[in-house]
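The next block is run03.cif, given as mmCIF, C-alpha atoms.
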```cif
data_upload
#
loop_
_atom_site.label_atom_id
_atom_site.label_comp_id
_atom_site.auth_asym_id
_atom_site.auth_seq_id
_atom_site.Cartn_x
_atom_site.Cartn_y
_atom_site.Cartn_z
CA MET A 1 12.74 -14.04 16.54
CA LYS A 2 14.40 -11.22 14.63
CA ARG A 3 12.55 -9.45 11.84
CA LEU A 4 13.95 -8.29 8.51
CA LEU A 5 11.83 -5.70 6.72
CA ILE A 6 12.24 -5.58 2.95
CA VAL A 7 10.96 -2.34 1.38
CA THR A 8 11.14 -2.08 -2.39
CA HIS A 9 9.89 -0.26 -5.43
CA ALA A 10 9.55 -2.79 -8.25
CA PRO A 11 7.66 -1.27 -11.18
CA SER A 12 8.85 -3.63 -13.95
CA PRO A 13 9.18 -7.36 -14.52
CA ASN A 14 12.95 -7.16 -14.08
CA THR A 15 12.78 -5.17 -10.85
CA ARG A 16 10.20 -7.64 -9.55
CA LYS A 17 12.76 -10.39 -10.25
CA LEU A 18 15.27 -8.49 -8.09
CA ARG A 19 12.72 -8.02 -5.30
CA ASP A 20 11.69 -11.65 -5.38
CA ALA A 21 15.31 -12.80 -5.36
CA ALA A 22 16.08 -10.62 -2.32
CA ILE A 23 13.05 -12.05 -0.50
CA ASP A 24 13.94 -15.64 -1.44
CA GLY A 25 17.54 -15.11 -0.38
CA ALA A 26 16.44 -13.63 2.94
CA ARG A 27 14.18 -16.61 3.62
CA GLU A 28 17.04 -18.96 2.83
CA GLY A 29 19.58 -16.98 4.87
CA GLY A 30 17.25 -16.63 7.83
CA ASP A 31 16.62 -20.37 7.78
CA GLY A 32 13.32 -19.97 9.60
CA ALA A 33 14.93 -18.06 12.48
CA VAL A 34 14.30 -14.60 10.97
CA GLU A 35 10.83 -13.34 10.12
CA ILE A 36 10.83 -11.81 6.64
CA VAL A 37 8.32 -9.01 6.05
CA ALA A 38 8.27 -7.62 2.51
CA LYS A 39 6.25 -4.56 1.57
CA PRO A 40 6.07 -2.19 -1.37
CA ALA A 41 7.55 1.20 -0.52
CA LEU A 42 4.15 2.87 -0.86
CA GLU A 43 2.62 0.49 1.72
CA ALA A 44 5.38 0.31 4.33
CA GLY A 45 5.24 2.74 7.21
CA PRO A 46 6.84 3.72 10.49
CA GLU A 47 5.15 0.88 12.38
CA ASP A 48 6.92 -1.60 10.08
CA VAL A 49 10.31 -0.01 10.72
CA LEU A 50 9.71 0.14 14.47
CA ALA A 51 9.00 -3.61 14.49
CA ALA A 52 12.12 -4.45 12.44
CA ASP A 53 15.59 -5.52 13.55
CA GLY A 54 17.02 -4.79 10.10
CA ILE A 55 15.88 -3.37 6.78
CA LEU A 56 16.70 -4.11 3.17
CA LEU A 57 15.80 -1.37 0.70
CA GLY A 58 15.43 -1.77 -3.06
CA THR A 59 14.90 1.03 -5.54
CA THR A 60 15.20 2.00 -9.13
CA GLU A 61 17.35 4.91 -10.22
CA ASN A 62 15.00 7.61 -11.49
CA LEU A 63 16.66 10.62 -13.09
CA GLY A 64 19.75 10.08 -10.94
CA TYR A 65 17.75 9.76 -7.72
CA MET A 66 15.85 7.11 -5.75
CA SER A 67 12.34 6.23 -6.85
CA GLY A 68 9.56 8.54 -5.77
CA ALA A 69 8.01 5.60 -3.94
CA LEU A 70 11.08 5.06 -1.76
CA LYS A 71 11.36 8.80 -1.13
CA ASP A 72 7.71 8.78 -0.09
CA PHE A 73 8.47 5.91 2.32
CA PHE A 74 11.25 7.97 3.91
CA ASP A 75 9.06 11.09 4.04
CA ARG A 76 6.35 9.18 5.91
CA THR A 77 8.62 7.28 8.30
CA TYR A 78 11.62 9.49 9.05
CA TYR A 79 10.39 11.40 12.08
CA GLY A 80 8.36 8.48 13.39
CA VAL A 81 11.44 6.27 13.74
CA ILE A 82 14.41 8.62 14.13
CA GLU A 83 14.69 8.33 17.91
CA GLU A 84 13.84 4.66 18.40
CA LYS A 85 15.62 3.05 15.44
CA GLN A 86 19.09 4.58 15.61
CA GLY A 87 21.64 1.91 14.74
CA LEU A 88 19.17 -0.09 12.63
CA PRO A 89 21.21 -2.20 10.20
CA PHE A 90 20.28 -1.62 6.58
CA ALA A 91 21.20 -2.91 3.15
CA LEU A 92 20.43 -1.36 -0.22
CA TYR A 93 20.20 -2.47 -3.81
CA ILE A 94 19.70 -0.12 -6.74
CA ARG A 95 18.64 -0.99 -10.27
CA ALA A 96 20.47 1.74 -12.16
CA GLY A 97 20.32 2.41 -15.85
CA LEU A 98 23.15 4.91 -15.38
CA ASP A 99 25.74 4.72 -12.61
CA GLY A 100 23.55 4.81 -9.49
CA THR A 101 25.77 7.26 -7.61
CA GLY A 102 23.09 9.93 -7.13
CA THR A 103 20.64 7.34 -5.86
CA ARG A 104 23.23 5.85 -3.53
CA ARG A 105 24.17 9.27 -2.17
CA ALA A 106 20.53 10.21 -1.56
CA VAL A 107 19.62 7.01 0.29
CA GLU A 108 22.84 6.99 2.30
CA SER A 109 22.28 10.63 3.27
CA ILE A 110 18.85 9.81 4.70
CA ALA A 111 20.17 6.65 6.40
CA THR A 112 22.98 8.71 7.95
CA GLY A 113 20.40 11.19 9.27
CA LEU A 114 18.54 8.26 10.82
CA ARG A 115 21.86 6.92 12.16
CA TRP A 116 21.26 3.57 10.49
CA LYS A 117 24.28 1.31 10.07
CA PRO A 118 25.09 -0.22 6.67
CA MET A 119 25.44 -3.99 6.52
CA ARG A 120 27.67 -3.60 3.46
CA ASP A 121 28.24 -1.26 0.55
CA PRO A 122 25.13 -0.84 -1.60
CA LEU A 123 24.62 -3.26 -4.45
CA ILE A 124 24.29 -1.27 -7.66
CA CYS A 125 22.97 -3.24 -10.63
CA ARG A 126 24.27 -0.92 -13.37
CA GLY A 127 23.62 -0.62 -17.06
CA ASP A 128 21.82 -3.03 -19.34
CA TRP A 129 19.94 -5.89 -17.70
CA GLN A 130 22.04 -8.87 -16.65
CA ASP A 131 20.67 -12.09 -15.21
CA ALA A 132 23.53 -11.94 -12.67
CA PHE A 133 21.67 -9.07 -10.96
CA VAL A 134 19.13 -11.61 -9.71
CA ASP A 135 21.84 -13.73 -8.07
CA GLU A 136 23.41 -10.66 -6.49
CA CYS A 137 20.10 -9.59 -4.96
CA ARG A 138 19.51 -13.11 -3.67
CA GLU A 139 22.94 -13.02 -2.01
CA LEU A 140 22.18 -9.63 -0.48
CA GLY A 141 18.96 -10.96 1.01
CA MET A 142 20.81 -14.00 2.36
CA LEU A 143 23.52 -11.81 3.90
CA ALA A 144 20.99 -9.53 5.58
CA ALA A 145 18.95 -12.32 7.14
CA ALA A 146 21.90 -14.55 8.06
CA GLY A 147 23.69 -11.59 9.64
CA LEU A 148 20.65 -10.74 11.74
CA ASP A 149 20.26 -14.37 12.78
CA ALA A 150 23.93 -14.63 13.75
CA GLY A 151 23.87 -11.36 15.70
CA ILE A 152 26.41 -9.71 13.39
CA TYR A 153 24.06 -6.76 12.85
#
```

Show the structure stored in the file as structure tokens.
Amino acid sequence: MKRLLIVTHAPSPNTRKLRDAAIDGAREGGDGAVEIVAKPALEAGPEDVLAADGILLGTTENLGYMSGALKDFFDRTYYGVIEEKQGLPFALYIRAGLDGTGTRRAVESIATGLRWKPMRDPLICRGDWQDAFVDECRELGMLAAAGLDAGIY
């Protein structure tokens, strides 16, 4: 069975809705054939990444950068997974009050250093809150899990 690791920073009710939607979508997309493991960024570690066949990351945009929690996750896992997890498929969603470009660039730079492969362009939920963000995160979770199940990633 393949394993999708979902690592998020969800400090507010709205970001928890996005996280929950991504998890629900992944469960639906994996249709029982993909194990879904969801952890807060501050609790996930290299052992979780080493056990994963794919990873979905979720973060807020904080001052034009990823959340400190996601940065901490990368700081703690980078060297522990760099050799063994090259080619790991990843997806990313960003809850951005501004444009999300700095956050996207920062996460993609680290993922490039790890030689992870994007499943698709990052989902950036920009500007004022929209309920459509929840549906978009659900679809991202579905895509990630279904793609792992089908062997696309």

| message | When the PyMOL selection byres ((chain A and resi 33) around 8) is applied to the structure above, which residues does it catch, written out as number ranges by chain? | response | A: 1-2, 30-32, 34-35, 149

| Exactly which residues make up the result of the PyMOL selection byres ((chain A and resi 5) around 12) on this file, given as a PyMOL selection string? | chain A and resi 2-4+6-8+22-23+26-27+34-41+44-58+88-92+141+144-145+148

Can you translate the PyMOL selection byres ((chain A and resi 68) around 12) into the concrete residues it hits in this file, as a short mmCIF file (atom, residue, chain, number, x, y, z; two decimals) with C-alpha atoms, in the coordinates of the input?
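Saved result, part_9.cif, follows:
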```cif
data_model
loop_
_atom_site.label_atom_id
_atom_site.label_comp_id
_atom_site.auth_asym_id
_atom_site.auth_seq_id
_atom_site.Cartn_x
_atom_site.Cartn_y
_atom_site.Cartn_z
CA THR A 8 11.14 -2.08 -2.39
CA HIS A 9 9.89 -0.26 -5.43
CA ALA A 10 9.55 -2.79 -8.25
CA PRO A 11 7.66 -1.27 -11.18
CA ALA A 41 7.55 1.20 -0.52
CA LEU A 42 4.15 2.87 -0.86
CA THR A 59 14.90 1.03 -5.54
CA THR A 60 15.20 2.00 -9.13
CA GLU A 61 17.35 4.91 -10.22
CA ASN A 62 15.00 7.61 -11.49
CA LEU A 63 16.66 10.62 -13.09
CA GLY A 64 19.75 10.08 -10.94
CA TYR A 65 17.75 9.76 -7.72
CA MET A 66 15.85 7.11 -5.75
CA SER A 67 12.34 6.23 -6.85
CA ALA A 69 8.01 5.60 -3.94
CA LEU A 70 11.08 5.06 -1.76
CA LYS A 71 11.36 8.80 -1.13
CA ASP A 72 7.71 8.78 -0.09
CA PHE A 73 8.47 5.91 2.32
CA PHE A 74 11.25 7.97 3.91
CA ASP A 75 9.06 11.09 4.04
CA THR A 103 20.64 7.34 -5.86
CA ALA A 106 20.53 10.21 -1.56
CA VAL A 107 19.62 7.01 0.29
#
```

| task | Take atom CA of A:Gly29 and atom CA of A:Phe133 and report the distance between them in Å, one decimal. | result |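 About the pair atom CA of A:Gly29 and atom CA of A:Phe133: they are 17.8 Å apart.
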
| query | Could you state the separation of atom CA of A:Gln86 and atom CA of A:Leu114 in Å, given to one decimal place? | reply |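 Calculated distance between atom CA of A:Gln86 and atom CA of A:Leu114 is 6.1 Å.
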
| query | Using all atoms listed in the file, which of A:Gly80, A:Arg105, A:Arg138, A:Leu98 sits nearest A:Leu18? | reply | A:Arg138

| task | Figure out the distance between atom CA of A:Ala132 and atom CA of A:Asp24, please, to one decimal in Å. | result |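 For atom CA of A:Asp24 relative to atom CA of A:Ala132, the distance reads 15.2 Å.
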